[in-house]
>>> print(open('model07.cif').read())   # mmCIF, C-alpha atoms
data_data
loop_
_atom_site.group_PDB
_atom_site.id
_atom_site.type_symbol
_atom_site.label_atom_id
_atom_site.label_comp_id
_atom_site.auth_asym_id
_atom_site.auth_seq_id
_atom_site.Cartn_x
_atom_site.Cartn_y
_atom_site.Cartn_z
ATOM 1 C CA MET X 6 11.324 10.859 2.834
ATOM 2 C CA ALA X 7 10.957 13.070 -0.196
ATOM 3 C CA SER X 8 9.940 11.468 -3.468
ATOM 4 C CA SER X 9 12.473 11.458 -6.243
ATOM 5 C CA GLN X 10 9.762 13.115 -8.357
ATOM 6 C CA PRO X 11 8.446 15.735 -5.907
ATOM 7 C CA THR X 12 6.254 17.586 -8.403
ATOM 8 C CA LEU X 13 3.999 14.602 -9.014
ATOM 9 C CA ASN X 14 0.719 13.877 -7.330
ATOM 10 C CA ARG X 15 0.205 10.950 -5.009
ATOM 11 C CA LEU X 16 -2.184 8.033 -5.232
ATOM 12 C CA VAL X 17 -4.324 7.415 -2.161
ATOM 13 C CA GLU X 18 -7.101 4.968 -1.393
ATOM 14 C CA ILE X 19 -10.714 6.115 -1.083
ATOM 15 C CA ASP X 20 -12.661 4.389 1.683
ATOM 16 C CA ARG X 21 -15.904 2.540 1.067
ATOM 17 C CA GLU X 22 -18.173 5.258 2.461
ATOM 18 C CA GLU X 23 -16.622 7.888 0.216
ATOM 19 C CA CYS X 24 -16.744 5.487 -2.767
ATOM 20 C CA MET X 25 -20.489 5.055 -2.250
ATOM 21 C CA LEU X 26 -20.917 8.835 -2.092
ATOM 22 C CA ARG X 27 -19.067 9.223 -5.377
ATOM 23 C CA LEU X 28 -21.206 6.545 -6.990
ATOM 24 C CA GLY X 29 -23.987 8.991 -6.110
ATOM 25 C CA HIS X 30 -27.411 8.240 -7.390
ATOM 26 C CA SER X 31 -26.881 7.736 -11.113
ATOM 27 C CA GLY X 32 -24.567 8.430 -14.022
ATOM 28 C CA VAL X 33 -22.446 6.711 -16.656
ATOM 29 C CA GLY X 34 -20.112 3.879 -15.669
ATOM 30 C CA ARG X 35 -18.290 1.104 -17.464
ATOM 31 C CA VAL X 36 -18.821 -2.628 -17.109
ATOM 32 C CA ALA X 37 -16.136 -5.208 -17.889
ATOM 33 C CA VAL X 38 -17.368 -8.623 -18.957
ATOM 34 C CA THR X 39 -15.997 -11.610 -20.828
ATOM 35 C CA VAL X 40 -17.355 -12.216 -24.324
ATOM 36 C CA ASN X 41 -16.286 -15.398 -26.111
ATOM 37 C CA ALA X 42 -13.353 -15.713 -23.684
ATOM 38 C CA LEU X 43 -12.194 -12.173 -24.501
ATOM 39 C CA PRO X 44 -12.504 -9.204 -22.169
ATOM 40 C CA ALA X 45 -14.736 -6.294 -23.166
ATOM 41 C CA ILE X 46 -15.761 -2.971 -21.620
ATOM 42 C CA PHE X 47 -19.115 -1.258 -22.222
ATOM 43 C CA PRO X 48 -20.356 2.095 -20.967
ATOM 44 C CA VAL X 49 -23.719 1.899 -19.193
ATOM 45 C CA ASN X 50 -26.179 4.361 -17.745
ATOM 46 C CA TYR X 51 -26.563 3.278 -14.096
ATOM 47 C CA ALA X 52 -28.414 4.118 -10.904
ATOM 48 C CA LEU X 53 -28.251 2.920 -7.318
ATOM 49 C CA LEU X 54 -30.987 0.771 -5.773
ATOM 50 C CA ASP X 55 -30.591 -0.062 -2.077
ATOM 51 C CA GLY X 56 -26.863 0.565 -2.468
ATOM 52 C CA ASP X 57 -26.441 -1.754 -5.445
ATOM 53 C CA ILE X 58 -25.646 -0.827 -9.042
ATOM 54 C CA VAL X 59 -28.561 -1.229 -11.452
ATOM 55 C CA PHE X 60 -28.419 -0.813 -15.211
ATOM 56 C CA ARG X 61 -30.685 -1.670 -18.079
ATOM 57 C CA THR X 62 -29.869 -3.999 -20.905
ATOM 58 C CA GLY X 63 -31.332 -6.155 -23.625
ATOM 59 C CA PRO X 64 -30.369 -9.541 -24.997
ATOM 60 C CA GLY X 65 -26.605 -9.516 -25.555
ATOM 61 C CA THR X 66 -23.263 -9.798 -23.903
ATOM 62 C CA LYS X 67 -23.952 -7.862 -20.728
ATOM 63 C CA LEU X 68 -27.159 -9.721 -20.145
ATOM 64 C CA ASP X 69 -25.556 -13.044 -20.945
ATOM 65 C CA ALA X 70 -22.867 -12.331 -18.359
ATOM 66 C CA ALA X 71 -25.505 -11.313 -15.869
ATOM 67 C CA LEU X 72 -27.674 -14.340 -16.419
ATOM 68 C CA ALA X 73 -24.700 -16.570 -15.762
ATOM 69 C CA GLY X 74 -24.223 -14.868 -12.395
ATOM 70 C CA ALA X 75 -20.814 -13.787 -13.627
ATOM 71 C CA VAL X 76 -18.513 -11.682 -11.511
ATOM 72 C CA VAL X 77 -18.126 -8.405 -13.369
ATOM 73 C CA ALA X 78 -16.259 -5.164 -12.769
ATOM 74 C CA PHE X 79 -17.955 -1.770 -12.827
ATOM 75 C CA GLU X 80 -16.019 1.483 -12.772
ATOM 76 C CA ILE X 81 -16.629 5.216 -12.627
ATOM 77 C CA ASP X 82 -13.918 7.825 -12.812
ATOM 78 C CA HIS X 83 -13.205 11.503 -13.136
ATOM 79 C CA THR X 84 -9.978 12.961 -14.446
ATOM 80 C CA ASP X 85 -8.743 16.518 -14.771
ATOM 81 C CA SER X 86 -6.045 16.737 -17.409
ATOM 82 C CA MET X 87 -5.124 20.258 -16.336
ATOM 83 C CA SER X 88 -4.234 19.455 -12.730
ATOM 84 C CA HIS X 89 -3.294 15.836 -13.459
ATOM 85 C CA THR X 90 -5.619 14.742 -10.680
ATOM 86 C CA GLY X 91 -8.471 12.289 -10.777
ATOM 87 C CA TRP X 92 -10.160 9.385 -9.092
ATOM 88 C CA SER X 93 -11.782 6.077 -9.879
ATOM 89 C CA VAL X 94 -14.146 3.785 -8.010
ATOM 90 C CA LEU X 95 -14.267 0.073 -8.809
ATOM 91 C CA VAL X 96 -17.100 -2.274 -7.903
ATOM 92 C CA VAL X 97 -16.639 -6.021 -8.336
ATOM 93 C CA GLY X 98 -19.544 -8.346 -7.774
ATOM 94 C CA GLU X 99 -22.025 -10.801 -9.168
ATOM 95 C CA ALA X 100 -24.379 -9.432 -11.802
ATOM 96 C CA ARG X 101 -27.883 -10.854 -11.811
ATOM 97 C CA PRO X 102 -31.111 -9.894 -13.567
ATOM 98 C CA VAL X 103 -33.776 -8.351 -11.370
ATOM 99 C CA THR X 104 -36.695 -10.790 -11.360
ATOM 100 C CA ASP X 105 -38.665 -9.938 -8.221
ATOM 101 C CA PRO X 106 -41.745 -7.999 -9.499
ATOM 102 C CA ASN X 107 -41.616 -5.474 -6.649
ATOM 103 C CA THR X 108 -37.946 -4.751 -7.318
ATOM 104 C CA VAL X 109 -38.577 -4.509 -11.073
ATOM 105 C CA THR X 110 -41.208 -1.859 -10.354
ATOM 106 C CA ARG X 111 -38.776 0.084 -8.176
ATOM 107 C CA ALA X 112 -36.003 -0.277 -10.783
ATOM 108 C CA ALA X 113 -38.362 1.018 -13.481
ATOM 109 C CA ALA X 114 -38.769 4.214 -11.431
ATOM 110 C CA LEU X 115 -35.003 4.871 -11.468
ATOM 111 C CA PRO X 116 -33.531 7.458 -13.877
ATOM 112 C CA LEU X 117 -32.576 4.708 -16.305
ATOM 113 C CA THR X 118 -34.386 5.737 -19.463
ATOM 114 C CA PRO X 119 -32.759 3.745 -22.281
ATOM 115 C CA TRP X 120 -30.767 5.857 -24.710
ATOM 116 C CA ALA X 121 -30.921 3.426 -27.611
ATOM 117 C CA ASP X 122 -33.910 1.886 -29.284
ATOM 118 C CA GLY X 123 -34.433 -1.845 -29.314
ATOM 119 C CA ARG X 124 -35.114 -4.051 -26.341
ATOM 120 C CA ARG X 125 -33.560 -2.767 -23.136
ATOM 121 C CA ASP X 126 -36.170 -4.229 -20.854
ATOM 122 C CA THR X 127 -34.034 -6.148 -18.384
ATOM 123 C CA PHE X 128 -32.600 -4.630 -15.227
ATOM 124 C CA ILE X 129 -29.255 -6.000 -14.087
ATOM 125 C CA ARG X 130 -28.238 -5.659 -10.457
ATOM 126 C CA LEU X 131 -24.621 -5.695 -9.373
ATOM 127 C CA THR X 132 -24.012 -6.093 -5.659
ATOM 128 C CA THR X 133 -21.562 -3.677 -4.103
ATOM 129 C CA GLN X 134 -19.845 -6.202 -1.873
ATOM 130 C CA LEU X 135 -16.398 -5.199 -3.036
ATOM 131 C CA VAL X 136 -15.901 -1.460 -3.573
ATOM 132 C CA THR X 137 -12.502 0.195 -3.822
ATOM 133 C CA GLY X 138 -11.346 3.610 -4.901
ATOM 134 C CA ARG X 139 -8.133 5.388 -5.764
ATOM 135 C CA GLU X 140 -7.489 9.089 -6.013
ATOM 136 C CA LEU X 141 -4.613 11.162 -7.319
ATOM 137 C CA VAL X 142 -4.314 14.087 -4.942
ATOM 138 C CA TYR X 143 -2.202 17.166 -5.389
ATOM 139 C CA GLY X 144 1.375 17.013 -4.189
ATOM 140 C CA PRO X 145 4.005 14.352 -3.655
ATOM 141 C CA GLY X 146 3.677 11.438 -1.276
ATOM 142 C CA THR X 147 5.960 10.660 1.618
ATOM 143 C CA ASP X 148 7.699 7.909 -0.282
ATOM 144 C CA GLY X 149 8.187 6.827 -3.846
ATOM 145 C CA SER X 150 5.819 3.894 -3.770
ATOM 146 C CA MET L 29 -40.637 0.144 -40.231
ATOM 147 C CA ALA L 30 -40.876 2.593 -37.412
ATOM 148 C CA SER L 31 -39.488 1.590 -34.052
ATOM 149 C CA SER L 32 -41.953 1.070 -31.252
ATOM 150 C CA GLN L 33 -39.932 3.702 -29.374
ATOM 151 C CA PRO L 34 -39.423 6.303 -32.122
ATOM 152 C CA THR L 35 -37.981 9.004 -29.879
ATOM 153 C CA LEU L 36 -34.930 6.906 -28.972
ATOM 154 C CA ASN L 37 -31.562 7.018 -30.635
ATOM 155 C CA ARG L 38 -30.094 4.117 -32.553
ATOM 156 C CA LEU L 39 -26.926 2.150 -32.006
ATOM 157 C CA VAL L 40 -24.623 1.832 -35.009
ATOM 158 C CA GLU L 41 -21.193 0.305 -35.512
ATOM 159 C CA ILE L 42 -18.143 2.492 -36.016
ATOM 160 C CA ASP L 43 -15.682 1.106 -38.582
ATOM 161 C CA ARG L 44 -12.032 0.479 -37.781
ATOM 162 C CA GLU L 45 -10.720 3.570 -39.569
ATOM 163 C CA GLU L 46 -13.085 5.844 -37.666
ATOM 164 C CA CYS L 47 -12.256 4.033 -34.404
ATOM 165 C CA MET L 48 -8.555 4.752 -34.927
ATOM 166 C CA LEU L 49 -9.354 8.416 -35.605
ATOM 167 C CA ARG L 50 -11.297 8.631 -32.350
ATOM 168 C CA LEU L 51 -8.461 7.005 -30.455
ATOM 169 C CA GLY L 52 -6.588 10.056 -31.730
ATOM 170 C CA HIS L 53 -3.136 10.621 -30.418
ATOM 171 C CA SER L 54 -3.541 10.474 -26.640
ATOM 172 C CA GLY L 55 -6.016 10.789 -23.791
ATOM 173 C CA VAL L 56 -7.541 8.851 -20.936
ATOM 174 C CA GLY L 57 -8.835 5.331 -21.472
ATOM 175 C CA ARG L 58 -9.739 2.378 -19.296
ATOM 176 C CA VAL L 59 -8.028 -0.998 -19.147
ATOM 177 C CA ALA L 60 -9.762 -4.175 -17.968
ATOM 178 C CA VAL L 61 -7.519 -6.834 -16.476
ATOM 179 C CA THR L 62 -7.929 -9.827 -14.204
ATOM 180 C CA VAL L 63 -6.508 -9.498 -10.689
ATOM 181 C CA ASN L 64 -6.555 -12.596 -8.485
ATOM 182 C CA ALA L 65 -9.168 -14.144 -10.771
ATOM 183 C CA LEU L 66 -11.419 -11.072 -10.402
ATOM 184 C CA PRO L 67 -12.048 -8.493 -13.115
ATOM 185 C CA ALA L 68 -10.864 -4.928 -12.567
ATOM 186 C CA ILE L 69 -10.916 -1.689 -14.563
ATOM 187 C CA PHE L 70 -8.303 1.059 -14.274
ATOM 188 C CA PRO L 71 -8.157 4.441 -15.990
ATOM 189 C CA VAL L 72 -4.877 5.073 -17.806
ATOM 190 C CA ASN L 73 -3.283 7.975 -19.612
ATOM 191 C CA TYR L 74 -2.498 6.601 -23.086
ATOM 192 C CA ALA L 75 -0.931 7.545 -26.395
ATOM 193 C CA LEU L 76 -0.632 5.891 -29.807
ATOM 194 C CA LEU L 77 2.669 4.520 -31.100
ATOM 195 C CA ASP L 78 2.650 3.136 -34.633
ATOM 196 C CA GLY L 79 -1.084 2.592 -34.265
ATOM 197 C CA ASP L 80 -0.811 0.684 -30.981
ATOM 198 C CA ILE L 81 -1.963 1.778 -27.515
ATOM 199 C CA VAL L 82 0.899 2.661 -25.149
ATOM 200 C CA PHE L 83 0.538 3.488 -21.458
ATOM 201 C CA ARG L 84 2.906 3.791 -18.568
ATOM 202 C CA THR L 85 2.821 1.720 -15.427
ATOM 203 C CA GLY L 86 4.835 0.523 -12.459
ATOM 204 C CA PRO L 87 4.924 -2.785 -10.634
ATOM 205 C CA GLY L 88 1.331 -3.883 -10.030
ATOM 206 C CA THR L 89 -1.713 -5.382 -11.549
ATOM 207 C CA LYS L 90 -1.590 -3.755 -14.939
ATOM 208 C CA LEU L 91 2.059 -4.590 -15.331
ATOM 209 C CA ASP L 92 1.549 -8.104 -14.075
ATOM 210 C CA ALA L 93 -1.151 -8.632 -16.663
ATOM 211 C CA ALA L 94 1.064 -7.178 -19.327
ATOM 212 C CA LEU L 95 4.062 -9.252 -18.401
ATOM 213 C CA ALA L 96 1.986 -12.371 -18.706
ATOM 214 C CA GLY L 97 1.107 -11.404 -22.266
ATOM 215 C CA ALA L 98 -2.489 -11.297 -21.124
ATOM 216 C CA VAL L 99 -5.300 -10.344 -23.454
ATOM 217 C CA VAL L 100 -6.759 -7.138 -22.047
ATOM 218 C CA ALA L 101 -9.545 -4.777 -23.044
ATOM 219 C CA PHE L 102 -9.028 -1.042 -23.480
ATOM 220 C CA GLU L 103 -11.899 1.377 -23.937
ATOM 221 C CA ILE L 104 -12.518 5.051 -24.596
ATOM 222 C CA ASP L 105 -15.909 6.682 -24.705
ATOM 223 C CA HIS L 106 -17.768 9.943 -24.870
ATOM 224 C CA THR L 107 -21.320 10.462 -23.699
ATOM 225 C CA ASP L 108 -23.625 13.455 -23.826
ATOM 226 C CA SER L 109 -26.306 13.169 -21.173
ATOM 227 C CA MET L 110 -28.254 16.059 -22.706
ATOM 228 C CA SER L 111 -28.782 14.535 -26.148
ATOM 229 C CA HIS L 112 -28.529 10.925 -24.912
ATOM 230 C CA THR L 113 -25.923 10.268 -27.570
ATOM 231 C CA GLY L 114 -22.432 8.874 -27.199
ATOM 232 C CA TRP L 115 -19.888 6.466 -28.535
ATOM 233 C CA SER L 116 -17.303 3.970 -27.342
ATOM 234 C CA VAL L 117 -14.291 2.313 -28.925
ATOM 235 C CA LEU L 118 -13.026 -1.023 -27.642
ATOM 236 C CA VAL L 119 -9.564 -2.448 -28.285
ATOM 237 C CA VAL L 120 -8.811 -6.055 -27.342
ATOM 238 C CA GLY L 121 -5.307 -7.388 -27.647
ATOM 239 C CA GLU L 122 -2.196 -8.723 -25.988
ATOM 240 C CA ALA L 123 -0.479 -6.348 -23.606
ATOM 241 C CA ARG L 124 3.298 -6.555 -23.468
ATOM 242 C CA PRO L 125 6.022 -4.397 -21.945
ATOM 243 C CA VAL L 126 8.091 -2.398 -24.397
ATOM 244 C CA THR L 127 11.640 -3.756 -24.152
ATOM 245 C CA ASP L 128 13.310 -2.752 -27.416
ATOM 246 C CA PRO L 129 15.586 0.210 -26.498
ATOM 247 C CA ASN L 130 14.725 2.168 -29.635
ATOM 248 C CA THR L 131 11.001 1.767 -28.995
ATOM 249 C CA VAL L 132 11.437 2.705 -25.317
ATOM 250 C CA THR L 133 13.109 5.942 -26.438
ATOM 251 C CA ARG L 134 10.228 6.691 -28.794
ATOM 252 C CA ALA L 135 7.654 5.815 -26.100
ATOM 253 C CA ALA L 136 9.419 8.146 -23.657
ATOM 254 C CA ALA L 137 8.827 10.991 -26.116
ATOM 255 C CA LEU L 138 5.063 10.428 -26.093
ATOM 256 C CA PRO L 139 2.777 12.705 -24.030
ATOM 257 C CA LEU L 140 2.706 10.143 -21.221
ATOM 258 C CA THR L 141 4.039 12.118 -18.275
ATOM 259 C CA PRO L 142 3.067 10.104 -15.185
ATOM 260 C CA TRP L 143 0.433 11.763 -13.036
ATOM 261 C CA ALA L 144 1.281 9.901 -9.832
ATOM 262 C CA ASP L 145 4.572 9.637 -8.029
ATOM 263 C CA GLY L 146 6.251 6.300 -7.497
ATOM 264 C CA ARG L 147 7.686 4.063 -10.165
ATOM 265 C CA ARG L 148 5.868 4.373 -13.491
ATOM 266 C CA ASP L 149 8.855 3.500 -15.616
ATOM 267 C CA THR L 150 7.491 0.686 -17.736
ATOM 268 C CA PHE L 151 5.714 1.236 -21.042
ATOM 269 C CA ILE L 152 3.007 -1.267 -21.915
ATOM 270 C CA ARG L 153 2.013 -1.757 -25.523
ATOM 271 C CA LEU L 154 -1.385 -3.074 -26.525
ATOM 272 C CA THR L 155 -1.755 -4.134 -30.125
ATOM 273 C CA THR L 156 -4.794 -2.854 -31.958
ATOM 274 C CA GLN L 157 -5.593 -6.078 -33.784
ATOM 275 C CA LEU L 158 -9.197 -6.067 -32.693
ATOM 276 C CA VAL L 159 -10.870 -2.645 -32.670
ATOM 277 C CA THR L 160 -14.622 -2.145 -32.561
ATOM 278 C CA GLY L 161 -16.826 0.841 -31.934
ATOM 279 C CA ARG L 162 -20.452 1.611 -31.248
ATOM 280 C CA GLU L 163 -22.257 4.907 -31.481
ATOM 281 C CA LEU L 164 -25.657 6.126 -30.404
ATOM 282 C CA VAL L 165 -26.800 8.473 -33.130
ATOM 283 C CA TYR L 166 -29.774 10.773 -33.084
ATOM 284 C CA GLY L 167 -33.113 9.368 -34.149
ATOM 285 C CA PRO L 168 -34.775 5.991 -34.309
ATOM 286 C CA GLY L 169 -33.487 3.035 -36.293
ATOM 287 C CA THR L 170 -35.368 1.232 -39.009
ATOM 288 C CA ASP L 171 -36.244 -1.621 -36.705
ATOM 289 C CA GLY L 172 -36.455 -2.291 -33.030
ATOM 290 C CA SER L 173 -33.283 -4.347 -32.722
#
>>> encode(input="model07.cif", output="structure tokens")
Amino acid sequence: MASSQPTLNRLVEIDREECMLRLGHSGVGRVAVTVNALPAIFPVNYALLDGDIVFRTGPGTKLDAALAGAVVAFEIDHTDSMSHTGWSVLVVGEARPVTDPNTVTRAAALPLTPWADGRRDTFIRLTTQLVTGRELVYGPGTDGS
Amino acid sequence: MASSQPTLNRLVEIDREECMLRLGHSGVGRVAVTVNALPAIFPVNYALLDGDIVFRTGPGTKLDAALAGAVVAFEIDHTDSMSHTGWSVLVVGEARPVTDPNTVTRAAALPLTPWADGRRDTFIRLTTQLVTGRELVYGPGTDGS
């Protein structure tokens, strides 16, 4: 059936394999954590290590969340305001500091040079157990949902 | 005192007035909500209405959160991977559907054309009570914190 708004793009799911490809090797993503019972979002410079998200941090909210083994959300996206298309990939998992010396050494070799001064000497690892993606593709869908 | 890592940039706070300027009039931001007790982040096309964040949605997680009067986080950012500088603005507040007919009419005039087909006929308003910003500016800080 034709959509009632046929000129709009349609939202489709991105499968896990494609989500992992789009996570690529490194880049900028956003982490959602809870700070003093309020939600917060912070951009982070991330890289992949054995298929998991790794980012660097210092003492503070992100680390606190990680140390508590909190479940956090991590997102990357790309939007094109000209074509009104775009996609996002969402990772939800437990965030934990990397403590194994061998893994710390491998994490230190990732392209995760800290951008800010101050202590950013802890690597946080977020498992990619739950990865979902959504994409706006050109053209209307087959229904209005 | 010089930082121990003098080539790095420093993180400074952005005041509320400057945060509101950077929110500008419209663009793409990210909303963090809780879905089935798990955190999630979604990109949204937003605009400002009387200094509050307004975005469009249909039945689903973002709307559900909004209808519950949930406290959500909304973030915009800009990063420059060449200079390793960037900034982010975070808004935390209650999200509620716009129900007042006059306000709905004004929201409908905002540059919030839905990108996806399907029902996106509800406007969600997020108050900007709590607005904070952080910026990585060029050069080292005066201490290592």
>>> resolve_selection(input="model07.cif", expression="the PyMOL selection byres ((chain X and resi 25) around 12)", output="ChimeraX atom specification")
/X:19-24,26-31,52-58,80-81,93-96,133-138
>>> closest_residue(input="model07.cif", among="X:Thr39, X:His83, X:Asp126, X:Glu140", to="Thr104 of chain X", atoms="all atoms listed in the file")
X:Asp126
>>> residues_around(input="model07.cif", residues="Ala101 of chain L", least_positions_apart="2", cutoff="6 Å", atoms="all atoms listed in the file", output="PyMOL selection string")
(chain X and resi 44-45) or (chain L and resi 59-60+119-120)
>>> atom_distance(input="model07.cif", atom1="atom CA of Ser86 of chain X", atom2="atom CA of Asn73 of chain L")
9.4 Å
>>> resolve_selection(input="model07.cif", expression="the PyMOL selection byres ((chain L and resi 130-133) around 12)", output="PyMOL selection string")
chain L and resi 77-78+82-84+125-129+134-138+149-153
>>> atom_distance(input="model07.cif", atom1="atom CA of Arg139 of chain X", atom2="atom CA of Asp82 of chain X")
9.4 Å
>>> axis_aligned_box(input="model07.cif", around="segment 101-119 of chain L", padding_each_side="3 Å", output="JSON")
{"center_x": -18.9, "center_y": 5.6, "center_z": -25.0, "size_x": 25.8, "size_y": 26.8, "size_z": 13.8}
>>> atom_distance(input="model07.cif", atom1="atom CA of Val61 of chain L", atom2="atom CA of Ala100 of chain X")
17.7 Å
>>> closest_residue(input="model07.cif", among="X:Ser88, X:Thr62, X:Asn14, X:Thr132", to="chain L", atoms="all atoms listed in the file")
X:Asn14
>>> residues_around(input="model07.cif", residues="Pro71 of chain L", least_positions_apart="3", cutoff="7 Å", atoms="all atoms listed in the file", output="PyMOL selection string")
chain L and resi 56-59
